[in-house]
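Novice: One structure, pasted below without further comment.
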Amino acid sequence: MSEWDLEIRPRLTPYFAYGAAVIIVAIHVTVGLLLKVRSSGVIFQTADQVAIALLGVIIAGFVLLFARPRLRVGPAGVAVRNLFGYKLIPWPDVVDVSFPVGARWARVDLPDDEYIPVMAIQAVDKVRAVDAMDRVRELVARYRSDAR
């Protein structure tokens with residue numbers, strides 16, 4: 001049996017991230033190849049062409065971070081992975097999982113009015129986000145009742 005009862009990832013954002021990354025790399029490679037086509041008064045070297053292509057790859061890598069978010073819920077607690085970092089929040093520290101009105105994504109509410117954003121459940125996913133929140137709330141109710 002898996003150590004996690006539920007794993008959620010965003011649905012639409014990764015598609016946009018992959019598409020944007022491909023376009024960014026394609027544009028940078030094309031610009032790099034076209035640098036030496038006509039003389040503009042500036043002397044471009046092969047290293048300049050490679051640098052522009054590599055810059056595109058680096059920017060695309062950053063954009064791909066938006067495909068990374070994930071939320072896992074299980075006996076150990078709530079595990080949140082956003083653009084940077086991963087955090088496992090044990091059940092005694094979880095107050096609730098909420099989706100405030102007007103917010104772009106859900107959040108794990110912690111004691112002392114602190115919270116951790118959950119980019120895996122995004123408003124842009126609409127009905128899928130509602131279903132995900134329902135499943136998460138069921139598990140929070142089950143595990144938080146055990147912790148009290």
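For the structure tokens, the naming scheme is as follows: chains receive sequential letters (A, B, ...) according to their order of presentation, residues are indexed from 1 within each chain, and ligands are indexed from 1 in presentation order.
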Excluding Ala17 of chain A and any residue of its chain fewer than 4 positions from it, enumerate the residues within 9 Å of it, using only C-alpha atoms, and give them as a list in words.

Specialist: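 Residues meeting the cut-off are Leu12, Thr13, Ala21, Val22, Ala60, Val63, Leu64, Leu65, Phe66 and Ala67 of chain A.
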
Novice: Could you check how far atom CA of Val73 of chain A sits from atom CA of Leu6 of chain A, in Å to one decimal?

Specialist: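 So the answer is 5.2 Å.
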
Novice: Each residue of segment 28-92 of chain A with at least one atom at most 10 Å from segment 132-140 of chain A should appear once, together with its nearest atom pair and the corresponding distance in Å (one decimal); atoms considered: only C-alpha atoms; ordering: chain, then increasing residue number; output as JSON lines.

Specialist:
```
{"residue": "A:Leu71", "atom": "CA", "partner": "A:Val136", "partner_atom": "CA", "distance": 9.4}
{"residue": "A:Arg72", "atom": "CA", "partner": "A:Val136", "partner_atom": "CA", "distance": 9.1}
{"residue": "A:Val73", "atom": "CA", "partner": "A:Val136", "partner_atom": "CA", "distance": 7.3}
{"residue": "A:Gly74", "atom": "CA", "partner": "A:Leu139", "partner_atom": "CA", "distance": 7.8}
{"residue": "A:Pro75", "atom": "CA", "partner": "A:Leu139", "partner_atom": "CA", "distance": 9.3}
{"residue": "A:Gly77", "atom": "CA", "partner": "A:Val140", "partner_atom": "CA", "distance": 8.9}
{"residue": "A:Val78", "atom": "CA", "partner": "A:Val140", "partner_atom": "CA", "distance": 8.8}
{"residue": "A:Trp91", "atom": "CA", "partner": "A:Val140", "partner_atom": "CA", "distance": 8.4}
```

Novice: DSSP on the backbone, alpha helix (DSSP H) only: what residues of segment 54-117 of chain A does that give? Format it as a list in words.

Specialist: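 So, restricting segment 54-117 of chain A to alpha helix (DSSP H), we get Leu54, Leu55, Gly56, Val57, Ile58, Ile59, Ala60, Gly61, Phe62, Val63 and Leu64 of chain A.
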